[in-house]
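*Asks:* Structure file target-v9.cif, mmCIF, C-alpha atoms, is pasted below:
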data_entry
#
loop_
_atom_site.label_atom_id
_atom_site.label_comp_id
_atom_site.auth_asym_id
_atom_site.auth_seq_id
_atom_site.Cartn_x
_atom_site.Cartn_y
_atom_site.Cartn_z
CA MET A 1 -199.02 47.42 -132.11
CA THR A 2 -196.20 47.92 -129.61
CA PRO A 3 -196.99 45.91 -126.43
CA ASN A 4 -196.25 48.90 -124.16
CA PRO A 5 -196.82 52.07 -126.17
CA HIS A 6 -194.85 55.13 -125.13
CA PRO A 7 -197.14 57.29 -123.00
CA LEU A 8 -195.75 60.65 -124.16
CA TRP A 9 -194.06 60.45 -127.57
CA PRO A 10 -195.73 58.01 -129.99
CA LEU A 11 -192.92 58.35 -132.53
CA PHE A 12 -190.95 55.94 -130.32
CA ASP A 13 -193.46 53.24 -131.32
CA LEU A 14 -193.19 53.88 -135.07
CA ARG A 15 -191.60 51.02 -137.01
CA ILE A 16 -190.86 50.74 -140.72
CA ARG A 17 -189.79 47.25 -141.74
CA SER A 18 -188.21 46.23 -145.03
CA GLU A 19 -186.77 42.88 -146.10
CA ARG A 20 -183.69 43.07 -143.86
CA LEU A 21 -183.98 46.31 -141.91
CA VAL A 22 -186.02 48.01 -139.20
CA LEU A 23 -186.23 51.80 -139.10
CA ARG A 24 -187.18 53.29 -135.72
CA LEU A 25 -186.57 56.32 -133.52
CA PRO A 26 -183.51 55.68 -131.34
CA THR A 27 -183.70 55.90 -127.57
CA ASP A 28 -180.90 57.57 -125.62
CA ASP A 29 -179.33 54.15 -125.01
CA ASP A 30 -179.53 53.40 -128.74
CA LEU A 31 -177.70 56.67 -129.47
CA VAL A 32 -174.67 55.44 -127.54
CA ALA A 33 -174.36 52.39 -129.80
CA LEU A 34 -175.21 54.43 -132.90
CA ALA A 35 -172.48 56.97 -132.12
CA ALA A 36 -169.96 54.13 -131.91
CA VAL A 37 -170.93 53.01 -135.43
CA ALA A 38 -170.37 56.54 -136.74
CA GLN A 39 -167.04 56.88 -134.92
CA ALA A 40 -165.86 53.65 -136.54
CA GLY A 41 -166.17 55.38 -139.93
CA VAL A 42 -168.81 56.65 -142.31
CA HIS A 43 -166.68 57.76 -145.28
CA PRO A 44 -163.01 57.87 -146.35
CA SER A 45 -160.95 60.37 -144.36
CA ASP A 46 -160.18 62.42 -147.47
CA GLU A 47 -163.88 62.95 -148.28
CA MET A 48 -166.67 64.98 -146.65
CA PRO A 49 -170.16 64.25 -147.99
CA PHE A 50 -171.99 66.38 -145.40
CA ASP A 51 -172.74 70.10 -145.24
CA VAL A 52 -171.83 70.09 -141.55
CA PRO A 53 -168.57 68.12 -141.07
CA TRP A 54 -169.79 66.37 -137.93
CA THR A 55 -167.82 63.20 -138.61
CA ALA A 56 -164.53 65.16 -138.38
CA LEU A 57 -165.11 66.50 -134.85
CA PRO A 58 -162.65 65.29 -132.19
CA SER A 59 -163.78 63.63 -128.99
CA PRO A 60 -165.66 64.70 -126.87
CA ALA A 61 -167.11 67.34 -129.24
CA PHE A 62 -168.22 64.53 -131.53
CA GLU A 63 -170.16 62.70 -128.82
CA HIS A 64 -171.73 65.90 -127.48
CA GLY A 65 -172.75 67.13 -130.92
CA PHE A 66 -174.08 63.73 -131.95
CA ILE A 67 -176.51 63.34 -129.08
CA GLN A 68 -177.48 67.02 -129.05
CA TYR A 69 -178.45 66.78 -132.71
CA HIS A 70 -180.82 63.88 -132.04
CA TRP A 71 -182.24 65.57 -128.95
CA SER A 72 -182.80 68.73 -130.99
CA ARG A 73 -184.83 66.84 -133.60
CA ARG A 74 -187.25 65.72 -130.88
CA ALA A 75 -187.37 69.06 -129.06
CA SER A 76 -187.96 71.26 -132.12
CA TRP A 77 -190.67 69.06 -133.71
CA THR A 78 -193.89 70.73 -134.83
CA PRO A 79 -196.47 69.51 -137.38
CA ASP A 80 -195.34 72.32 -139.71
CA ASP A 81 -191.58 71.76 -139.33
CA TRP A 82 -190.26 68.31 -138.51
CA VAL A 83 -187.28 66.02 -139.07
CA LEU A 84 -187.69 62.29 -138.48
CA GLU A 85 -184.22 60.83 -137.83
CA LEU A 86 -184.59 57.05 -137.67
CA MET A 87 -182.00 54.48 -136.67
CA ILE A 88 -181.37 51.64 -139.11
CA GLU A 89 -181.35 48.28 -137.38
CA LEU A 90 -179.93 45.07 -138.86
CA ASP A 91 -180.46 41.91 -136.80
CA GLY A 92 -180.97 44.08 -133.73
CA ARG A 93 -177.82 46.16 -134.27
CA PRO A 94 -177.62 49.83 -135.37
CA ILE A 95 -175.84 50.41 -138.67
CA GLY A 96 -176.74 54.01 -139.58
CA THR A 97 -179.58 56.51 -139.82
CA GLN A 98 -182.16 57.52 -142.41
CA GLY A 99 -183.65 60.97 -141.98
CA MET A 100 -186.63 62.67 -143.57
CA GLY A 101 -187.89 66.18 -143.00
CA ALA A 102 -190.64 68.51 -144.16
CA ARG A 103 -192.01 72.00 -143.69
CA GLU A 104 -195.70 72.76 -144.13
CA PHE A 105 -196.23 69.14 -145.11
CA ARG A 106 -200.01 69.38 -144.89
CA VAL A 107 -199.87 71.89 -147.79
CA LEU A 108 -196.73 71.05 -149.78
CA ARG A 109 -196.74 67.24 -149.32
CA THR A 110 -192.99 67.30 -149.99
CA VAL A 111 -190.27 65.55 -147.99
CA HIS A 112 -186.48 65.73 -148.07
CA THR A 113 -184.20 62.82 -147.17
CA GLY A 114 -180.65 62.38 -145.90
CA SER A 115 -178.75 59.46 -144.40
CA TRP A 116 -175.48 57.89 -143.33
CA LEU A 117 -174.37 54.27 -143.13
CA GLY A 118 -171.39 52.81 -141.27
CA GLN A 119 -168.57 51.89 -143.63
CA ALA A 120 -168.62 48.28 -142.44
CA TYR A 121 -172.14 47.98 -143.88
CA GLN A 122 -171.66 49.75 -147.19
CA GLY A 123 -171.68 48.00 -150.55
CA ARG A 124 -174.35 45.48 -149.50
CA GLY A 125 -177.49 47.23 -150.75
CA PHE A 126 -178.54 48.61 -147.38
CA GLY A 127 -178.35 52.22 -148.56
CA LYS A 128 -180.90 51.58 -151.28
CA GLU A 129 -183.10 49.45 -149.02
CA MET A 130 -183.29 52.00 -146.21
CA ARG A 131 -183.95 54.92 -148.58
CA ALA A 132 -186.68 52.97 -150.37
CA ALA A 133 -188.23 52.07 -147.02
CA MET A 134 -188.33 55.70 -145.89
CA VAL A 135 -189.63 56.98 -149.22
CA GLY A 136 -192.21 54.20 -149.22
CA PHE A 137 -193.29 55.38 -145.78
CA ALA A 138 -193.61 58.93 -147.11
CA PHE A 139 -195.79 57.96 -150.07
CA GLU A 140 -197.69 55.00 -148.67
CA GLY A 141 -197.99 56.05 -145.03
CA LEU A 142 -198.05 59.85 -145.05
CA GLY A 143 -199.48 60.50 -148.51
CA ALA A 144 -196.56 62.59 -149.77
CA ASP A 145 -196.63 63.89 -153.35
CA VAL A 146 -192.90 64.53 -153.80
CA ALA A 147 -189.64 63.28 -152.29
CA GLU A 148 -186.48 65.32 -152.85
CA THR A 149 -182.83 64.77 -152.07
CA GLU A 150 -179.42 66.11 -153.08
CA ALA A 151 -175.76 65.12 -152.95
CA TYR A 152 -172.41 66.66 -153.77
CA VAL A 153 -171.49 65.91 -157.36
CA GLU A 154 -168.58 63.70 -156.29
CA ASN A 155 -170.71 61.59 -153.92
CA GLU A 156 -171.26 58.75 -156.35
CA ARG A 157 -172.67 56.35 -153.76
CA SER A 158 -175.51 58.67 -152.76
CA ILE A 159 -176.24 59.59 -156.36
CA GLY A 160 -176.31 55.92 -157.28
CA VAL A 161 -178.81 55.16 -154.51
CA SER A 162 -181.07 58.01 -155.65
CA ARG A 163 -181.09 56.76 -159.23
CA ALA A 164 -181.64 53.15 -158.13
CA VAL A 165 -184.67 54.12 -156.05
CA GLY A 166 -186.15 55.96 -159.02
CA TYR A 167 -185.42 59.64 -158.46
CA GLU A 168 -185.06 61.88 -161.52
CA PRO A 169 -182.46 64.69 -161.86
CA ASN A 170 -183.84 68.02 -160.70
CA GLY A 171 -181.06 70.54 -161.35
CA VAL A 172 -177.80 71.58 -159.74
CA GLY A 173 -177.27 73.79 -156.68
CA ARG A 174 -174.38 75.08 -154.59
CA SER A 175 -173.57 74.97 -150.89
CA ALA A 176 -170.95 76.74 -148.84
CA HIS A 177 -168.54 74.24 -147.34
CA GLY A 178 -166.34 76.31 -145.07
CA ASP A 179 -164.69 78.81 -147.39
CA THR A 180 -165.40 76.70 -150.47
CA ALA A 181 -168.46 76.58 -152.73
CA ARG A 182 -169.37 73.05 -153.82
CA ASP A 183 -171.88 71.93 -156.43
CA LYS A 184 -174.73 69.57 -155.62
CA VAL A 185 -176.94 67.42 -157.79
CA ARG A 186 -180.64 67.56 -156.90
CA PHE A 187 -183.13 64.73 -157.39
CA ARG A 188 -186.93 64.44 -157.29
CA LEU A 189 -189.33 61.49 -157.07
CA THR A 190 -193.08 61.93 -157.47
CA ARG A 191 -195.91 59.91 -156.00
CA ALA A 192 -197.06 58.90 -159.48
CA ALA A 193 -193.58 57.60 -160.39
CA TRP A 194 -193.33 55.70 -157.11
CA PHE A 195 -196.56 53.79 -157.69
CA ALA A 196 -195.92 53.32 -161.42
CA GLN A 197 -193.72 50.30 -160.77
CA ALA A 198 -193.52 47.41 -158.34
CA ARG A 199 -191.63 48.21 -155.14
CA PRO A 200 -190.21 45.98 -152.40
CA PRO A 201 -192.87 45.66 -149.71
CA ILE A 202 -192.59 47.47 -146.39
CA SER A 203 -194.69 47.29 -143.25
CA ILE A 204 -195.53 50.31 -141.11
CA GLU A 205 -196.43 50.00 -137.44
CA GLY A 206 -197.57 52.61 -134.93
CA LEU A 207 -198.45 55.34 -137.42
CA ASP A 208 -202.03 56.04 -136.31
CA ARG A 209 -200.99 57.72 -133.06
CA CYS A 210 -198.41 59.80 -134.93
CA ARG A 211 -200.54 61.29 -137.70
CA GLU A 212 -201.26 64.54 -135.87
CA LEU A 213 -197.52 65.04 -135.31
CA PHE A 214 -196.96 64.86 -139.07
CA GLY A 215 -199.75 67.34 -139.74
CA ILE A 216 -202.04 64.85 -141.47
CA ASP A 217 -205.51 63.45 -140.82
CA GLY A 218 -206.46 59.90 -141.67
CA ALA A 219 -204.90 57.47 -144.12
CA PRO A 220 -203.62 58.75 -147.50
CA ASP A 221 -205.55 58.35 -150.72
CA PRO A 222 -204.87 55.11 -152.61
CA PRO A 223 -202.54 55.20 -155.65
CA GLY A 224 -204.08 57.32 -158.34
CA GLY A 225 -206.50 58.84 -155.85
#
Now, as a test, write the supplied structure out as structure tokens.

*Replies:*
Amino acid sequence: MTPNPHPLWPLFDLRIRSERLVLRLPTDDDLVALAAVAQAGVHPSDEMPFDVPWTALPSPAFEHGFIQYHWSRRASWTPDDWVLELMIELDGRPIGTQGMGAREFRVLRTVHTGSWLGQAYQGRGFGKEMRAAMVGFAFEGLGADVAETEAYVENERSIGVSRAVGYEPNGVGRSAHGDTARDKVRFRLTRAAWFAQARPPISIEGLDRCRELFGIDGAPDPPGG
């Protein structure tokens, strides 16, 4: 348990730990350092892997939009419509974010994930590790039944991470990107498939005080339950 739990927003005390990484909600001070990681580069300049081209904004629009987005995730949270945007920490330093959202989770038990990782930290297995940690949290901590994600067809890194974590193809969709329509590949991972094979262990701290915020009561059923 966190030595000094946050008196108002227990999500600040949530920790998901994997072999090398810690996933936690960033404070406002953390967001300053996190923004610097994003400004240093997330993807090649001739690519845009995001629906909203936030990485292409000039200063100070970038800084303003970056912190407003994270503030908005806190301010708009309800048990029936939430987005958990966690900072990825490596040896005490931020290297990216791993997000997960859901609507009507108590009924649908379905989550959607998205992430970014600083270019300096890519190609070292962190993308797979942080996604697996978040999906493990969804299944093992929240009792999710399904995890979904999607990526533009040319985003080979994201697609590779999804396949490596165990997602299965789930069709193709389209998104408007400015004046251009772009195809996306969709992926789906079920609770049964997650528990059907051995997974790298994770530890979850501070979840009990957060359960109501996620729209759940008590611990999830055990695998196969």

*Asks:* When you look at His112 in chain A with a cut-off of 10 Å (counting only C-alpha atoms), what residues show up, excluding the ones that are within fewer than 4 positions of it in the same chain? I need them as a ChimeraX atom specification.

*Replies:* /A:83,99-103,135,138,146-150,187-188

*Asks:* Near Arg131 in chain A, within 9 Å and counting all atoms listed in the file, which residues show up once chain neighbours fewer than 5 positions away are dropped, as a list of chain:residue names?

*Replies:*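 Non-adjacent residues within range: A:Gln98, A:Gly99, A:Thr113, A:Gly114, A:Ser115, A:Phe126, A:Gly136, A:Val161, A:Ser162, A:Val165.
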
*Asks:* Starting from the displayed file, determine the output of the PyMOL selection byres ((chain A and resi 15) around 6) and express the residue list as number ranges by chain.

*Replies:* A: 14, 16, 23-24, 204-205

*Asks:* Measuring between all atoms listed in the file, which one of A:Pro58, A:Pro44, A:Pro53, A:Gly218 shows the shortest distance to Leu142 in chain A?

*Replies:*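 Comparing A:Pro58, A:Pro44, A:Pro53, A:Gly218 against Leu142 in chain A, the winner is A:Gly218.
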
*Asks:* With the file shown as input, list the residues that the PyMOL selection byres ((chain A and resi 155) around 10) selects, as a list in words.

*Replies:*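 Applied to this file, the PyMOL selection byres ((chain A and resi 155) around 10) returns Glu47, Met48, Pro49, Phe50, Glu150, Ala151, Tyr152, Val153, Glu154, Glu156, Arg157, Ser158, Ile159, Gly160, Lys184 and Val185 of chain A.
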
*Asks:* Could you list the residues chosen by the PyMOL selection byres ((chain A and resi 87) around 8) in this structure as a count of residues only?

*Replies:* 14

*Asks:* List the spatial neighbours of Ser175 in chain A as a VMD selection string - criterion: any atom at most 10 Å away, all atoms listed in the file, same-chain residues fewer than 4 positions off excluded.

*Replies:* chain A and resid 51 152 180 to 184

*Asks:* Using Å and a single decimal, report how far CA of Leu90 in chain A sits from CA of Val37 in chain A.

*Replies:* 12.5 Å

*Asks:* Please compute the CA of Gln119 in chain A-CA of His177 in chain A distance, one decimal, in Å.

*Replies:*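 It comes out at 22.7 Å.
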
*Asks:* Distance CA of Trp116 in chain A-CA of Phe139 in chain A, one decimal place?

*Replies:*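 For CA of Trp116 in chain A relative to CA of Phe139 in chain A, the distance reads 21.4 Å.
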
*Asks:* My list of candidates is A:Val52, A:Leu84, A:Leu31, A:Ala133. Which is closest to Arg199 in chain A when distances are computed with all atoms listed in the file?

*Replies:* A:Ala133

*Asks:* Counting all atoms listed in the file, note down every residue that has an atom within 8 Å of the point (-168.3, 51.8, -141.5) (file coordinates), as a list in words.

*Replies:*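 The residues near that point, listed by chain and number, are Val37, Ala38, Ala40, Gly41, Val42, His43, Leu117, Gly118, Gln119, Ala120, Tyr121 and Gln122 of chain A.
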
*Asks:* Counting all atoms listed in the file, which residue out of A:Ser203, A:Thr27, A:Asn170, A:Thr190 sits closest to Phe137 in chain A?

*Replies:*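 Once distances to Phe137 in chain A are computed over all atoms listed in the file, the minimum belongs to A:Ser203.
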
*Asks:* For Leu213 in chain A, list every protein, DNA or RNA residue within 10 Å, evaluated using all atoms listed in the file, and leave out those in the same chain fewer than 4 positions away; present the list as a CSV table (one decimal) with C-alpha atoms, keeping the file's coordinate frame.

*Replies:*
chain,number,residue,atom,x,y,z
A,9,TRP,CA,-194.1,60.4,-127.6
A,10,PRO,CA,-195.7,58.0,-130.0
A,11,LEU,CA,-192.9,58.4,-132.5
A,77,TRP,CA,-190.7,69.1,-133.7
A,78,THR,CA,-193.9,70.7,-134.8
A,79,PRO,CA,-196.5,69.5,-137.4
A,80,ASP,CA,-195.3,72.3,-139.7
A,81,ASP,CA,-191.6,71.8,-139.3
A,82,TRP,CA,-190.3,68.3,-138.5
A,207,LEU,CA,-198.4,55.3,-137.4
A,209,ARG,CA,-201.0,57.7,-133.1
A,217,ASP,CA,-205.5,63.4,-140.8

*Asks:* Edge lengths and centre in Å to one decimal, as AutoDock Vina command-line options, is what I'm after for the box along x, y and z that holds all listed atoms of range 172-191 of chain A once 5 Å is added on each side.

*Replies:*
--center_x -180.3 --center_y 69.4 --center_z -152.4 --size_x 41.2 --size_y 28.9 --size_z 24.7

*Asks:* Just checking: using all atoms listed in the file, which residue out of A:Leu21, A:Arg93, A:Ala36, A:Phe105 ends up closest to Arg211 in chain A?

*Replies:*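 Answer, going by the shortest atom-to-atom distance: A:Phe105.
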
*Asks:* A:Phe214, A:Phe62, A:Tyr69, A:Phe12: which is nearest Arg106 in chain A, counting all atoms listed in the file?

*Replies:* A:Phe214

*Asks:* Looking at only C-alpha atoms, which of A:Asp208, A:Lys128, A:Gly171, A:Val111 is the one that sits closest to Arg191 in chain A?

*Replies:*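 Under the stated criterion, the closest residue is A:Val111.
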
*Asks:* Can you complete the atoms of range 178-207 of chain A to N, CA and C atoms and list them as an mmCIF file, in the frame of the given file?

*Replies:*
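Saved file selection.cif follows:
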data_model
loop_
_atom_site.group_PDB
_atom_site.id
_atom_site.type_symbol
_atom_site.label_atom_id
_atom_site.label_comp_id
_atom_site.auth_asym_id
_atom_site.auth_seq_id
_atom_site.Cartn_x
_atom_site.Cartn_y
_atom_site.Cartn_z
ATOM 1 N N GLY A 178 -167.432 75.504 -145.583
ATOM 2 C CA GLY A 178 -166.340 76.310 -145.070
ATOM 3 C C GLY A 178 -166.158 77.529 -145.952
ATOM 4 N N ASP A 179 -164.968 77.698 -146.488
ATOM 5 C CA ASP A 179 -164.690 78.810 -147.390
ATOM 6 C C ASP A 179 -164.796 78.410 -148.859
ATOM 7 N N THR A 180 -165.328 77.222 -149.105
ATOM 8 C CA THR A 180 -165.400 76.700 -150.470
ATOM 9 C C THR A 180 -166.847 76.499 -150.900
ATOM 10 N N ALA A 181 -167.145 76.853 -152.148
ATOM 11 C CA ALA A 181 -168.460 76.580 -152.730
ATOM 12 C C ALA A 181 -168.391 75.237 -153.465
ATOM 13 N N ARG A 182 -169.353 74.363 -153.183
ATOM 14 C CA ARG A 182 -169.370 73.050 -153.820
ATOM 15 C C ARG A 182 -170.709 72.824 -154.498
ATOM 16 N N ASP A 183 -170.663 72.196 -155.668
ATOM 17 C CA ASP A 183 -171.880 71.930 -156.430
ATOM 18 C C ASP A 183 -172.567 70.666 -155.919
ATOM 19 N N LYS A 184 -173.905 70.704 -156.003
ATOM 20 C CA LYS A 184 -174.730 69.570 -155.620
ATOM 21 C C LYS A 184 -175.656 69.187 -156.754
ATOM 22 N N VAL A 185 -175.944 67.914 -156.853
ATOM 23 C CA VAL A 185 -176.940 67.420 -157.790
ATOM 24 C C VAL A 185 -178.233 67.194 -157.017
ATOM 25 N N ARG A 186 -179.337 67.700 -157.541
ATOM 26 C CA ARG A 186 -180.640 67.560 -156.900
ATOM 27 C C ARG A 186 -181.470 66.500 -157.622
ATOM 28 N N PHE A 187 -182.289 65.787 -156.835
ATOM 29 C CA PHE A 187 -183.130 64.730 -157.390
ATOM 30 C C PHE A 187 -184.549 64.865 -156.846
ATOM 31 N N ARG A 188 -185.505 64.332 -157.638
ATOM 32 C CA ARG A 188 -186.930 64.440 -157.290
ATOM 33 C C ARG A 188 -187.644 63.154 -157.685
ATOM 34 N N LEU A 189 -188.525 62.686 -156.800
ATOM 35 C CA LEU A 189 -189.330 61.490 -157.070
ATOM 36 C C LEU A 189 -190.779 61.823 -156.739
ATOM 37 N N THR A 190 -191.672 61.599 -157.683
ATOM 38 C CA THR A 190 -193.080 61.930 -157.470
ATOM 39 C C THR A 190 -193.870 60.697 -157.015
ATOM 40 N N ARG A 191 -195.004 60.965 -156.440
ATOM 41 C CA ARG A 191 -195.910 59.910 -156.000
ATOM 42 C C ARG A 191 -196.328 59.031 -157.173
ATOM 43 N N ALA A 192 -196.634 59.657 -158.308
ATOM 44 C CA ALA A 192 -197.060 58.900 -159.480
ATOM 45 C C ALA A 192 -195.954 57.955 -159.945
ATOM 46 N N ALA A 193 -194.703 58.444 -159.959
ATOM 47 C CA ALA A 193 -193.580 57.600 -160.390
ATOM 48 C C ALA A 193 -193.338 56.463 -159.406
ATOM 49 N N TRP A 194 -193.530 56.742 -158.114
ATOM 50 C CA TRP A 194 -193.330 55.700 -157.110
ATOM 51 C C TRP A 194 -194.285 54.532 -157.323
ATOM 52 N N PHE A 195 -195.548 54.841 -157.545
ATOM 53 C CA PHE A 195 -196.560 53.790 -157.690
ATOM 54 C C PHE A 195 -196.645 53.231 -159.109
ATOM 55 N N ALA A 196 -195.868 53.786 -160.034
ATOM 56 C CA ALA A 196 -195.920 53.320 -161.420
ATOM 57 C C ALA A 196 -195.198 52.000 -161.622
ATOM 58 N N GLN A 197 -194.417 51.575 -160.634
ATOM 59 C CA GLN A 197 -193.720 50.300 -160.770
ATOM 60 C C GLN A 197 -193.762 49.550 -159.447
ATOM 61 N N ALA A 198 -193.516 48.249 -159.541
ATOM 62 C CA ALA A 198 -193.520 47.410 -158.340
ATOM 63 C C ALA A 198 -192.371 47.807 -157.430
ATOM 64 N N ARG A 199 -192.636 47.840 -156.130
ATOM 65 C CA ARG A 199 -191.630 48.210 -155.140
ATOM 66 C C ARG A 199 -191.503 47.113 -154.096
ATOM 67 N N PRO A 200 -190.328 46.957 -153.494
ATOM 68 C CA PRO A 200 -190.210 45.980 -152.400
ATOM 69 C C PRO A 200 -191.176 46.334 -151.284
ATOM 70 N N PRO A 201 -191.865 45.366 -150.736
ATOM 71 C CA PRO A 201 -192.870 45.660 -149.710
ATOM 72 C C PRO A 201 -192.241 46.155 -148.413
ATOM 73 N N ILE A 202 -192.964 47.032 -147.722
ATOM 74 C CA ILE A 202 -192.590 47.470 -146.390
ATOM 75 C C ILE A 202 -193.817 47.328 -145.499
ATOM 76 N N SER A 203 -193.587 47.247 -144.203
ATOM 77 C CA SER A 203 -194.690 47.290 -143.250
ATOM 78 C C SER A 203 -194.472 48.483 -142.333
ATOM 79 N N ILE A 204 -195.576 49.116 -141.949
ATOM 80 C CA ILE A 204 -195.530 50.310 -141.110
ATOM 81 C C ILE A 204 -196.358 50.036 -139.868
ATOM 82 N N GLU A 205 -195.751 50.232 -138.710
ATOM 83 C CA GLU A 205 -196.430 50.000 -137.440
ATOM 84 C C GLU A 205 -196.429 51.284 -136.609
ATOM 85 N N GLY A 206 -197.513 51.510 -135.885
ATOM 86 C CA GLY A 206 -197.570 52.610 -134.930
ATOM 87 C C GLY A 206 -197.813 53.974 -135.526
ATOM 88 N N LEU A 207 -198.279 54.044 -136.773
ATOM 89 C CA LEU A 207 -198.450 55.340 -137.420
ATOM 90 C C LEU A 207 -199.703 56.084 -136.942
#
